[in-house]
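Novice: The structure file start_9.cif (mmCIF, C-alpha atoms and all ligand atoms) is provided below.
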```cif
data_structure
loop_
_atom_site.label_atom_id
_atom_site.label_comp_id
_atom_site.auth_asym_id
_atom_site.auth_seq_id
_atom_site.Cartn_x
_atom_site.Cartn_y
_atom_site.Cartn_z
CA MET A 105 -10.11 19.88 -12.87
CA ILE A 106 -13.47 18.07 -12.60
CA GLY A 107 -13.63 15.34 -9.97
CA ALA A 108 -12.05 14.79 -6.55
CA GLY A 109 -11.50 11.04 -6.82
CA LEU A 110 -8.10 9.40 -6.97
CA ALA A 111 -7.62 10.51 -10.58
CA GLY A 112 -8.44 14.17 -9.99
CA LEU A 113 -6.59 14.53 -6.70
CA GLY A 114 -3.58 12.59 -8.03
CA PHE A 115 -3.42 14.95 -10.98
CA ALA A 116 -3.87 17.99 -8.72
CA TRP A 117 -0.99 16.83 -6.49
CA HIS A 118 1.35 16.64 -9.48
CA ALA A 119 0.11 19.80 -11.19
CA ALA A 120 -0.36 22.21 -8.25
CA PRO A 121 3.34 23.13 -7.82
CA HIS A 122 3.32 24.37 -11.43
CA ALA A 123 -0.18 25.69 -12.18
CA HIS A 124 -3.24 27.29 -10.55
CA VAL A 125 -5.46 24.27 -9.90
CA THR A 126 -9.12 24.35 -8.88
CA VAL A 127 -10.78 20.98 -8.21
CA LEU A 128 -14.57 20.98 -8.73
CA GLU A 129 -16.39 18.16 -6.97
CA GLN A 130 -20.13 17.59 -7.06
CA GLY A 131 -20.21 15.68 -3.77
CA GLU A 132 -19.90 17.14 -0.27
CA HIS A 133 -16.77 14.99 0.30
CA PRO A 134 -13.79 14.05 -1.85
CA LEU A 135 -13.03 10.39 -2.65
CA ALA A 136 -16.63 9.29 -2.15
CA GLU A 137 -17.47 7.48 -5.44
CA ALA A 138 -15.47 4.70 -7.16
CA SER A 139 -12.54 5.71 -4.97
CA ALA A 140 -14.58 4.62 -1.93
CA GLN A 141 -16.06 1.48 -3.51
CA ASN A 142 -13.00 -0.60 -4.35
CA ALA A 143 -11.17 -3.63 -2.98
CA GLY A 144 -7.84 -1.81 -2.72
CA MET A 145 -5.72 -4.59 -4.21
CA VAL A 146 -2.51 -3.47 -5.89
CA ARG A 147 -1.89 -5.94 -8.70
CA ARG A 148 1.04 -5.97 -11.11
CA LEU A 149 0.49 -9.45 -12.60
CA VAL A 150 -1.89 -8.46 -15.40
CA THR A 151 -1.93 -9.45 -19.08
CA GLY A 152 -1.93 -5.92 -20.56
CA ALA A 153 1.63 -4.64 -21.11
CA ARG A 154 0.77 -0.96 -20.60
CA GLU A 155 -1.27 -1.64 -17.46
CA ARG A 156 1.56 -3.78 -16.12
CA ALA A 157 4.13 -1.04 -16.71
CA LEU A 158 1.88 1.54 -15.02
CA ALA A 159 1.34 -0.84 -12.11
CA ARG A 160 5.06 -1.48 -11.69
CA ARG A 161 5.72 2.26 -11.52
CA THR A 162 2.80 2.85 -9.15
CA HIS A 163 3.97 0.05 -6.83
CA ALA A 164 7.44 1.59 -6.68
CA ARG A 165 5.93 5.00 -5.84
CA LEU A 166 3.62 3.52 -3.18
CA MET A 167 6.57 1.84 -1.47
CA THR A 168 8.38 5.17 -1.15
CA LEU A 169 5.59 7.66 -0.42
CA PRO A 170 6.94 10.41 1.85
CA CYS A 171 5.53 9.59 5.31
CA ARG A 172 7.78 11.48 7.71
CA PRO A 173 6.44 14.31 9.93
CA GLY A 174 5.54 17.22 7.65
CA ASP A 175 5.21 14.95 4.59
CA ASP A 176 1.91 14.64 2.71
CA TRP A 177 1.35 11.03 3.82
CA HIS A 178 2.53 11.45 7.43
CA GLU A 179 0.47 9.09 9.64
CA LEU A 180 -1.52 7.91 6.59
CA ALA A 181 0.68 5.03 5.30
CA PRO A 182 -1.74 4.03 2.52
CA PHE A 183 0.13 0.94 1.28
CA ARG A 184 0.50 -2.32 3.20
CA ALA A 185 2.39 -5.30 1.72
CA THR A 186 0.23 -8.37 2.37
CA GLY A 187 1.43 -10.68 -0.40
CA ALA A 188 -0.93 -12.05 -3.03
CA VAL A 189 -1.88 -15.37 -4.58
CA LEU A 190 -2.84 -15.40 -8.27
CA ALA A 191 -4.44 -18.75 -9.10
CA LEU A 192 -5.89 -20.33 -12.24
CA GLU A 193 -8.69 -22.88 -12.40
CA HIS A 194 -8.12 -24.19 -15.98
CA ASP A 195 -6.31 -21.66 -18.16
CA VAL A 196 -2.88 -22.36 -16.67
CA HIS A 197 -0.78 -20.45 -19.20
CA ARG A 198 -2.91 -17.31 -19.17
CA LEU A 199 -0.40 -15.27 -17.15
CA ASP A 200 2.87 -16.79 -18.45
CA ALA A 201 4.00 -13.79 -20.51
CA ALA A 202 3.15 -11.37 -17.72
CA LEU A 203 5.00 -13.53 -15.17
CA ALA A 204 8.10 -13.70 -17.36
CA ASP A 205 8.00 -9.94 -17.76
CA LEU A 206 7.69 -9.26 -14.02
CA ARG A 207 10.51 -11.70 -13.24
CA ARG A 208 12.71 -9.89 -15.77
CA PHE A 209 12.28 -6.83 -13.56
CA GLY A 210 13.30 -8.81 -10.48
CA ILE A 211 9.80 -9.17 -9.05
CA THR A 212 9.44 -12.37 -7.03
CA ALA A 213 6.70 -14.74 -8.18
CA ASP A 214 6.96 -18.31 -6.87
CA GLU A 215 4.89 -21.34 -7.89
CA LEU A 216 2.96 -22.88 -4.97
CA ASP A 217 2.15 -26.57 -4.53
CA ALA A 218 -1.01 -27.52 -2.64
CA GLU A 219 0.73 -27.64 0.74
CA ALA A 220 2.45 -24.28 0.32
CA LEU A 221 -0.80 -22.76 -0.95
CA ALA A 222 -2.66 -23.84 2.19
CA ARG A 223 0.15 -22.42 4.34
CA ARG A 224 0.33 -19.08 2.52
CA ALA A 225 -3.43 -18.60 2.15
CA PRO A 226 -5.61 -20.70 4.48
CA ALA A 227 -8.72 -19.63 2.53
CA LEU A 228 -7.29 -21.46 -0.48
CA ALA A 229 -6.49 -24.74 1.31
CA ALA A 230 -7.52 -27.61 -1.03
CA ALA A 231 -8.72 -25.02 -3.55
CA ARG A 232 -9.80 -26.56 -6.86
CA VAL A 233 -7.20 -24.70 -8.90
CA ALA A 234 -4.64 -26.02 -11.38
CA ARG A 235 -1.93 -23.46 -10.61
CA ALA A 236 -1.13 -20.85 -7.98
CA VAL A 237 1.61 -18.22 -7.83
CA TRP A 238 2.80 -16.36 -4.71
CA LEU A 239 3.77 -12.69 -5.04
CA PRO A 240 5.15 -11.62 -1.66
CA ASP A 241 5.45 -7.91 -2.45
CA GLU A 242 1.89 -7.22 -3.62
CA GLY A 243 -0.39 -5.48 -1.18
CA VAL A 244 -3.40 -3.39 -0.38
CA CYS A 245 -3.74 0.37 -0.74
CA ASP A 246 -6.26 2.38 1.22
CA ALA A 247 -7.75 4.80 -1.30
CA TRP A 248 -8.89 7.33 1.30
CA SER A 249 -5.38 7.62 2.83
CA LEU A 250 -3.71 7.85 -0.56
CA GLY A 251 -6.18 10.53 -1.67
CA GLN A 252 -5.84 12.51 1.58
CA GLY A 253 -2.09 12.76 0.95
CA PHE A 254 -2.74 13.98 -2.59
CA LEU A 255 -5.15 16.55 -1.24
CA ARG A 256 -2.78 17.78 1.49
CA GLY A 257 0.01 18.28 -1.05
CA ALA A 258 -2.23 19.95 -3.61
CA LEU A 259 -3.66 22.40 -1.03
CA ARG A 260 -0.18 23.11 0.34
CA ASN A 261 0.81 24.13 -3.19
CA GLY A 262 -2.10 26.51 -3.58
CA ALA A 263 -4.80 24.31 -5.14
CA ARG A 264 -8.46 25.07 -4.35
CA LEU A 265 -11.07 22.40 -3.66
CA MET A 266 -14.70 23.37 -4.32
CA LEU A 267 -17.05 20.75 -2.89
CA GLY A 268 -20.78 20.61 -3.67
CA THR A 269 -20.08 22.11 -7.09
CA ARG A 270 -21.47 20.14 -10.02
CA VAL A 271 -20.22 20.87 -13.52
CA VAL A 272 -23.25 20.99 -15.78
CA SER A 273 -21.37 21.52 -19.05
CA LEU A 274 -18.05 22.56 -20.50
CA LEU A 275 -17.80 26.19 -21.54
CA VAL A 276 -16.76 26.21 -25.22
CA ARG A 277 -16.01 29.49 -27.00
CA GLY A 278 -14.09 30.15 -30.19
CA GLY A 279 -13.54 26.45 -30.81
CA ARG A 280 -11.85 25.69 -27.50
CA VAL A 281 -12.77 24.98 -23.90
CA ARG A 282 -12.65 28.13 -21.79
CA GLY A 283 -13.97 26.82 -18.51
CA ALA A 284 -16.84 25.01 -16.85
CA VAL A 285 -20.48 25.91 -16.26
CA THR A 286 -21.37 24.76 -12.74
CA ASP A 287 -24.53 24.85 -10.66
CA ARG A 288 -22.81 27.67 -8.72
CA GLY A 289 -21.80 29.75 -11.76
CA VAL A 290 -19.20 29.82 -14.50
CA ILE A 291 -15.53 29.16 -13.75
CA GLU A 292 -13.15 30.22 -16.51
CA SER A 293 -9.91 28.36 -17.14
CA ASP A 294 -7.36 27.82 -19.94
CA LEU A 295 -7.51 24.09 -19.35
CA VAL A 296 -10.32 21.88 -18.06
CA VAL A 297 -9.36 18.33 -17.11
CA ILE A 298 -12.08 15.69 -16.86
CA ALA A 299 -11.40 13.21 -14.05
CA ALA A 300 -15.06 12.52 -13.43
CA GLY A 301 -15.02 8.72 -13.31
CA ALA A 302 -18.39 7.27 -14.34
CA TRP A 303 -19.69 10.69 -15.42
CA SER A 304 -16.80 11.50 -17.77
CA ALA A 305 -18.50 10.70 -21.10
CA ARG A 306 -21.51 12.79 -20.12
CA LEU A 307 -19.32 15.84 -19.58
CA ALA A 308 -17.68 15.34 -22.98
CA ALA A 309 -21.14 15.08 -24.54
CA SER A 310 -21.96 18.53 -23.11
CA ALA A 311 -19.39 19.88 -25.59
CA GLY A 312 -20.67 17.74 -28.44
CA LEU A 313 -17.90 15.12 -28.11
CA ARG A 314 -18.57 11.38 -28.18
CA ARG A 315 -16.07 9.62 -25.96
CA ALA A 316 -16.63 5.91 -25.31
CA ILE A 317 -15.92 5.80 -21.59
CA THR A 318 -18.32 3.30 -20.11
CA PRO A 319 -19.17 2.72 -16.45
CA ARG A 320 -19.56 -0.94 -15.58
CA ALA A 321 -21.09 -2.11 -12.33
CA ARG A 322 -19.32 -4.64 -10.11
CA HIS A 323 -20.33 -6.17 -6.77
CA LEU A 324 -18.25 -6.42 -3.62
CA PHE A 325 -19.54 -8.49 -0.70
CA ARG A 326 -18.48 -8.81 2.92
CA SER A 327 -18.62 -12.08 4.84
CA THR A 328 -19.30 -12.60 8.52
CA PRO A 329 -16.12 -13.33 10.58
CA HIS A 330 -14.31 -16.50 9.53
CA ALA A 331 -11.44 -18.52 11.07
CA CYS A 332 -9.44 -18.40 7.80
CA ALA A 333 -9.43 -14.61 7.68
CA VAL A 334 -6.26 -14.43 9.77
CA ASP A 335 -4.06 -11.36 9.65
CA PRO A 336 -1.85 -11.29 7.64
CA HIS A 337 -3.59 -13.18 4.86
CA PRO A 338 -2.72 -12.37 1.24
CA TRP A 339 -5.32 -11.17 -1.19
CA CYS A 340 -6.24 -14.01 -3.54
CA TRP A 341 -7.57 -13.93 -7.09
CA ILE A 342 -8.61 -16.97 -9.15
CA ASP A 343 -8.11 -15.13 -12.37
CA ASP A 344 -9.82 -17.21 -15.08
CA ALA A 345 -12.72 -18.13 -12.78
CA GLY A 346 -13.34 -14.51 -11.82
CA LEU A 347 -13.25 -14.66 -8.03
CA TYR A 348 -11.23 -12.63 -5.57
CA LEU A 349 -11.11 -12.11 -1.84
CA ARG A 350 -9.06 -10.46 0.84
CA PRO A 351 -9.40 -10.44 4.61
CA GLU A 352 -11.07 -7.46 6.25
CA ALA A 353 -12.36 -6.94 9.78
CA GLY A 354 -12.18 -10.65 10.66
CA GLY A 355 -14.06 -11.77 7.55
CA PHE A 356 -13.50 -11.53 3.81
CA LEU A 357 -14.19 -8.85 1.21
CA MET A 358 -15.04 -10.74 -2.00
CA SER A 359 -16.19 -10.29 -5.57
CA PRO A 360 -17.56 -12.68 -8.20
CA CYS A 361 -16.00 -10.31 -10.79
CA ASP A 362 -19.35 -9.57 -12.41
CA GLU A 363 -19.54 -6.72 -14.91
CA THR A 364 -22.59 -5.01 -16.38
CA ASP A 365 -23.07 -1.68 -18.18
CA ASP A 366 -24.72 0.74 -15.80
CA GLN A 367 -24.78 4.53 -15.94
CA PRO A 368 -25.22 6.29 -12.58
CA ALA A 369 -27.72 9.15 -12.51
CA ASP A 370 -26.60 12.80 -12.53
CA GLY A 371 -25.20 13.99 -9.21
CA PRO A 372 -23.24 12.23 -6.49
CA GLY A 373 -24.11 8.80 -5.09
CA SER A 374 -23.21 5.98 -7.47
CA ARG A 375 -23.07 3.23 -4.86
CA ARG A 376 -25.98 0.78 -5.08
CA GLU A 377 -27.46 -2.06 -3.05
CA PRO A 378 -26.29 -5.54 -4.15
CA ARG A 379 -28.46 -7.78 -6.31
CA ASP A 380 -29.45 -11.36 -5.50
CA ASP A 381 -28.13 -12.82 -8.78
CA ALA A 382 -24.60 -11.55 -7.97
CA ARG A 383 -24.84 -12.94 -4.44
CA GLU A 384 -25.80 -16.32 -5.92
CA LEU A 385 -22.95 -16.15 -8.45
CA LEU A 386 -20.48 -15.52 -5.63
CA GLY A 387 -21.96 -18.38 -3.59
CA GLU A 388 -21.63 -20.78 -6.55
CA LYS A 389 -17.99 -19.84 -7.18
CA LEU A 390 -17.04 -20.16 -3.51
CA LEU A 391 -18.69 -23.58 -3.31
CA ARG A 392 -17.06 -24.81 -6.52
CA LEU A 393 -13.55 -23.53 -5.84
CA LEU A 394 -12.89 -22.98 -2.14
CA PRO A 395 -13.82 -25.88 0.16
CA ALA A 396 -12.07 -24.15 3.10
CA LEU A 397 -14.83 -21.53 2.98
CA ASP A 398 -17.82 -23.86 2.63
CA ASP A 399 -19.24 -22.45 5.89
CA LEU A 400 -18.73 -18.79 4.90
CA ALA A 401 -21.78 -16.55 5.25
CA ILE A 402 -22.22 -13.46 3.06
CA ALA A 403 -23.21 -10.50 5.24
CA GLY A 404 -23.77 -7.61 2.84
CA GLY A 405 -22.19 -5.65 0.07
CA TRP A 406 -22.52 -2.97 -2.56
CA ILE A 407 -22.34 -2.24 -6.26
CA GLY A 408 -19.62 0.16 -7.44
CA HIS A 409 -18.69 1.54 -10.86
CA ARG A 410 -15.49 0.84 -12.77
CA THR A 411 -15.19 2.98 -15.88
CA PHE A 412 -13.44 1.76 -19.01
CA THR A 413 -12.41 2.93 -22.46
CA PRO A 414 -12.95 0.32 -25.22
CA SER A 415 -9.24 -0.66 -25.10
CA ARG A 416 -9.36 -0.80 -21.29
CA GLU A 417 -6.44 1.61 -21.22
CA PRO A 418 -6.78 4.92 -19.37
CA LEU A 419 -7.54 8.08 -21.33
CA ILE A 420 -4.92 10.66 -20.33
CA GLY A 421 -3.56 13.85 -21.80
CA PRO A 422 -4.97 16.47 -24.17
CA ASP A 423 -8.20 15.73 -26.02
CA PRO A 424 -7.32 14.95 -29.66
CA GLU A 425 -10.10 17.21 -31.04
CA LEU A 426 -10.94 19.98 -28.61
CA ALA A 427 -8.27 22.42 -27.44
CA GLY A 428 -8.34 23.35 -23.77
CA LEU A 429 -9.68 19.95 -22.73
CA GLY A 430 -7.66 17.26 -20.95
CA TRP A 431 -8.36 13.80 -19.57
CA VAL A 432 -7.55 11.59 -16.60
CA ALA A 433 -10.33 9.04 -17.02
CA GLY A 434 -11.03 5.39 -17.68
CA LEU A 435 -9.14 4.10 -14.63
CA GLY A 436 -11.29 0.96 -14.80
CA GLY A 437 -10.44 -1.63 -12.16
CA PHE A 438 -6.86 -0.43 -11.74
CA GLY A 439 -7.09 3.01 -10.12
CA LEU A 440 -5.15 1.87 -7.04
CA SER A 441 -2.78 -0.39 -8.95
CA CYS A 442 -1.90 2.22 -11.61
CA GLY A 443 -3.29 5.54 -10.37
CA LEU A 444 -0.06 7.17 -9.22
CA ALA A 445 1.67 6.55 -12.55
CA ILE A 446 -1.43 7.61 -14.49
CA ALA A 447 -1.67 10.92 -12.60
CA GLU A 448 2.04 11.52 -13.08
CA ASP A 449 1.79 10.90 -16.85
CA ALA A 450 -1.30 13.06 -17.14
CA ALA A 451 0.47 15.96 -15.42
CA ARG A 452 3.48 15.58 -17.73
CA LEU A 453 1.21 15.65 -20.78
CA LEU A 454 -1.03 18.51 -19.67
CA VAL A 455 1.22 20.76 -17.59
CA PRO A 456 4.58 21.00 -19.38
CA GLU A 457 6.28 22.45 -16.27
CA ALA A 458 5.40 19.23 -14.38
CA THR A 459 7.90 17.30 -16.55
CA ALA A 460 10.61 18.24 -14.15
CA CYS A 461 8.76 17.16 -11.01
CA GLU A 462 9.73 13.47 -11.08
CA GLY A 463 13.00 11.75 -11.81
C1 LIG B 501 -16.14 -2.68 -6.94
C2 LIG B 501 -14.82 -2.08 -7.31
C3 LIG B 501 -13.64 -2.72 -6.96
C4 LIG B 501 -12.41 -2.16 -7.31
N1 LIG B 501 -11.26 -2.76 -6.89
C5 LIG B 501 -10.06 -2.25 -7.24
C6 LIG B 501 -8.87 -2.87 -6.83
O1 LIG B 501 -8.88 -3.85 -6.08
N2 LIG B 501 -7.69 -2.36 -7.27
C7 LIG B 501 -7.63 -1.25 -8.08
O2 LIG B 501 -6.53 -0.86 -8.48
N3 LIG B 501 -8.76 -0.60 -8.43
C8 LIG B 501 -9.97 -1.08 -8.05
N4 LIG B 501 -11.10 -0.44 -8.42
C9 LIG B 501 -11.00 0.75 -9.30
C10 LIG B 501 -10.76 2.07 -8.59
O3 LIG B 501 -11.59 2.21 -7.48
C11 LIG B 501 -11.04 3.18 -9.63
O4 LIG B 501 -10.23 2.97 -10.77
C12 LIG B 501 -10.74 4.58 -9.11
O5 LIG B 501 -11.30 4.80 -7.85
C13 LIG B 501 -11.26 5.60 -10.11
O6 LIG B 501 -11.03 6.90 -9.58
P1 LIG B 501 -11.61 8.17 -10.33
O7 LIG B 501 -11.06 9.33 -9.62
O8 LIG B 501 -11.39 8.02 -11.80
O9 LIG B 501 -13.21 8.05 -10.15
P2 LIG B 501 -14.11 8.47 -8.88
O10 LIG B 501 -13.50 8.03 -7.60
O11 LIG B 501 -15.49 8.00 -9.18
O12 LIG B 501 -14.05 10.05 -8.89
C14 LIG B 501 -14.72 10.81 -9.85
C15 LIG B 501 -15.23 12.06 -9.13
O13 LIG B 501 -15.76 12.96 -10.08
C16 LIG B 501 -16.89 13.60 -9.49
N5 LIG B 501 -17.74 14.12 -10.55
C17 LIG B 501 -18.33 13.41 -11.54
N6 LIG B 501 -19.06 14.23 -12.33
C18 LIG B 501 -18.93 15.47 -11.84
C19 LIG B 501 -19.46 16.72 -12.23
N7 LIG B 501 -20.26 16.87 -13.28
N8 LIG B 501 -19.11 17.80 -11.49
C20 LIG B 501 -18.28 17.72 -10.42
N9 LIG B 501 -17.78 16.52 -9.99
C21 LIG B 501 -18.08 15.41 -10.71
C22 LIG B 501 -17.56 12.46 -8.72
O14 LIG B 501 -18.46 12.93 -7.73
C23 LIG B 501 -16.34 11.74 -8.15
O15 LIG B 501 -16.00 12.20 -6.86
C24 LIG B 501 -12.35 -0.94 -8.05
C25 LIG B 501 -13.55 -0.27 -8.36
C26 LIG B 501 -14.76 -0.82 -7.98
C27 LIG B 501 -16.02 -0.07 -8.30
#
```
Step by step, read the file and then write its structure as structure tokens.
Specialist:
Amino acid sequence: MIGAGLAGLGFAWHAAPHAHVTVLEQGEHPLAEASAQNAGMVRRLVTGARERALARRTHARLMTLPCRPGDDWHELAPFRATGAVLALEHDVHRLDAALADLRRFGITADELDAEALARRAPALAAARVARAVWLPDEGVCDAWSLGQGFLRGALRNGARLMLGTRVVSLLVRGGRVRGAVTDRGVIESDLVVIAAGAWSARLAASAGLRRAITPRARHLFRSTPHACAVDPHPWCWIDDAGLYLRPEAGGFLMSPCDETDDQPADGPGSRREPRDDARELLGEKLLRLLPALDDLAIAGGWIGHRTFTPSREPLIGPDPELAGLGWVAGLGGFGLSCGLAIAEDAARLLVPEATACEG
């Protein structure tokens, strides 16, 4: 298994009771790349049917993570229900099919008038939006806590974590993958699973495979403390305008939903300093859409990497061409929202014995 982010550790948690799992991680710490750069919003109201189904399953799993003494998530409690507001500036029917689908599954999603919107989400008081929907059961997931639980469970079941170990190439012999060549030597294995986030395509290329898995940079910014950032405040996303925010540490964590191709260099450390054009884009959107935040000051931020396949669906399971190679990659902007279900499916596809591990 290459990569100790949410994808790799989630897979290891599911696979370790049934297989000998070694997790190779180039960084000195697990969960330090995309899994440490995200906004943590768990969102089921999305247009893609497969993503929505994965998100519904992940939400159900997050709500029932074992947290009692002795359990993997004891004293971690990664998921917190905060409620969410999904709003639309112009394209009011954009989420209709997804809403109907969620309601069919009994998920509450109520329309908000201007007064109710201001009450539910003070940051959106008098917001210049045409429609807003309240989802009381959405929430925020702390990636570090979720990943620590995965790691505890995987180690308890015999998995090994090798930090500071960078895979340089896949070891291919006799037409199949036989292991990984690392900067600390060769590690042989019947199955190598790539869960390397932004670096995934590069590892495939080391075995002569072209896999279109593209890292795309996105900014997150923090504001200085603001009176509207009361706790609890739902996370809020103006979907067609491309603007989201959620309260954190007395201010807001926000993104202008920018997206640019950007390949991080070899080795750990994909987080970058924010650019001025993205800061300006965020400022313009806040000014245009959210009068309640017209005095909000942006304090700082970072650029992180979300990694997508062309279809924007995750790549999971055996490689279609090269035996001995498996995938848990392309978790895009939905690694928290869908990650548990993705890891579960990947384990079912790659470790046949894992089929029995979930109901
Ligand atoms: C700005 C931003 C906001 C986001 N907001 C949300 C959100 O609100 N909700 C949501 O659901 N998702 C969100 N996401 C997405 C989520 O963070 C990702 O989908 C998820 O973290 C991906 O996990 P991963 O394990 O695939 O990748 P990573 O966490 O990047 O893990 C990959 C690991 O592989 C290791 N690795 C790579 N190459 C090698 C090698 N050659 N040898 C050894 N190790 C290697 C890396 O060091 C890294 O630790 C956001 C992402 C970003 C960047």
Novice: Around ligand LIG 501 (chain B), which protein and nucleic acid residues have at least one atom no more than 6 Å from it, if we count all atoms listed in the file? List them as number ranges by chain.
Specialist: A: 106-112, 128-131, 134-139, 141-146, 269-272, 299-303, 322-324, 372, 408-410, 433, 435-441
Novice: Enumerate, in order of chain and increasing residue number, the residues of stretch 165-202 of chain A with an atom no farther than 8 Å from stretch 325-345 of chain A, each with its shortest atom pair and distance in Å to one decimal, counting only C-alpha atoms, as a Markdown table.
Specialist:
```
| residue | atom | partner | partner_atom | distance |
| --- | --- | --- | --- | --- |
| A:Thr186 | CA | A:Pro338 | CA | 5.1 |
| A:Gly187 | CA | A:Pro338 | CA | 4.8 |
| A:Ala188 | CA | A:Pro338 | CA | 4.6 |
| A:Val189 | CA | A:Cys340 | CA | 4.7 |
| A:Leu190 | CA | A:Trp341 | CA | 5.1 |
| A:Ala191 | CA | A:Ile342 | CA | 4.5 |
| A:Leu192 | CA | A:Ile342 | CA | 5.3 |
| A:Glu193 | CA | A:Ala345 | CA | 6.2 |
| A:His194 | CA | A:Asp344 | CA | 7.2 |
| A:Asp195 | CA | A:Asp344 | CA | 6.5 |
```
Novice: For A:Ala159, which residue out of A:Gly443, A:Gly387, A:Pro424, A:Gly371 is the nearest one, using all atoms listed in the file?
Specialist: A:Gly443
Novice: Hey, which of A:Ala227, A:Ala119, A:Cys245, A:Cys361 ends up closest to A:Asp399? Count only C-alpha atoms.
Specialist: A:Ala227
Novice: Work out how far atom CA of A:Leu149 is from atom CA of A:Leu239, in Å to one decimal.
Specialist: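 Between atom CA of A:Leu239 and atom CA of A:Leu149 the gap is 8.9 Å.
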Novice: For A:Val296, work out the shell of residues within 9 Å, counting only C-alpha atoms and skipping chain neighbours fewer than 6 positions away, then give it as number ranges by chain.
Specialist: A: 105-106, 274, 281-284, 428-431
Novice: Because the input lacks atoms here, generate all heavy atoms for stretch 388-393 of chain A and report them as a short mmCIF file (atom, residue, chain, number, x, y, z; two decimals), in the coordinates of the input.
Specialist:
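Writing the result to out25.cif gives the following:
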```cif
data_model
loop_
_atom_site.label_atom_id
_atom_site.label_comp_id
_atom_site.auth_asym_id
_atom_site.auth_seq_id
_atom_site.Cartn_x
_atom_site.Cartn_y
_atom_site.Cartn_z
N GLU A 388 -21.97 -19.63 -5.68
CA GLU A 388 -21.63 -20.78 -6.55
C GLU A 388 -20.12 -20.91 -6.72
O GLU A 388 -19.56 -22.01 -6.66
CB GLU A 388 -22.23 -20.57 -7.95
CG GLU A 388 -23.69 -20.90 -8.09
CD GLU A 388 -24.27 -20.29 -9.38
OE1 GLU A 388 -23.49 -20.01 -10.33
OE2 GLU A 388 -25.49 -20.06 -9.40
N LYS A 389 -19.45 -19.78 -6.95
CA LYS A 389 -17.99 -19.84 -7.18
C LYS A 389 -17.26 -20.27 -5.92
O LYS A 389 -16.31 -21.06 -5.97
CB LYS A 389 -17.48 -18.48 -7.67
CG LYS A 389 -17.91 -18.17 -9.09
CD LYS A 389 -17.28 -16.88 -9.62
CE LYS A 389 -17.73 -16.63 -11.06
NZ LYS A 389 -17.09 -15.45 -11.67
N LEU A 390 -17.69 -19.77 -4.76
CA LEU A 390 -17.04 -20.16 -3.51
C LEU A 390 -17.19 -21.66 -3.28
O LEU A 390 -16.24 -22.36 -2.91
CB LEU A 390 -17.66 -19.40 -2.33
CG LEU A 390 -17.32 -17.90 -2.23
CD1 LEU A 390 -18.20 -17.22 -1.19
CD2 LEU A 390 -15.84 -17.71 -1.89
N LEU A 391 -18.40 -22.16 -3.54
CA LEU A 391 -18.69 -23.58 -3.31
C LEU A 391 -17.88 -24.46 -4.26
O LEU A 391 -17.34 -25.49 -3.87
CB LEU A 391 -20.18 -23.81 -3.56
CG LEU A 391 -20.84 -24.95 -2.80
CD1 LEU A 391 -20.72 -24.73 -1.31
CD2 LEU A 391 -22.34 -25.03 -3.19
N ARG A 392 -17.76 -24.01 -5.52
CA ARG A 392 -17.06 -24.81 -6.52
C ARG A 392 -15.55 -24.83 -6.28
O ARG A 392 -14.90 -25.85 -6.46
CB ARG A 392 -17.34 -24.22 -7.91
CG ARG A 392 -16.75 -25.04 -9.04
CD ARG A 392 -17.14 -24.48 -10.40
NE ARG A 392 -16.16 -23.52 -10.90
CZ ARG A 392 -16.44 -22.30 -11.34
NH1 ARG A 392 -17.67 -21.86 -11.33
NH2 ARG A 392 -15.48 -21.52 -11.79
N LEU A 393 -15.00 -23.69 -5.81
CA LEU A 393 -13.55 -23.53 -5.84
C LEU A 393 -12.87 -23.59 -4.47
O LEU A 393 -11.72 -23.99 -4.38
CB LEU A 393 -13.21 -22.18 -6.49
CG LEU A 393 -13.59 -22.08 -7.97
CD1 LEU A 393 -13.69 -20.62 -8.41
CD2 LEU A 393 -12.56 -22.81 -8.82
#
```
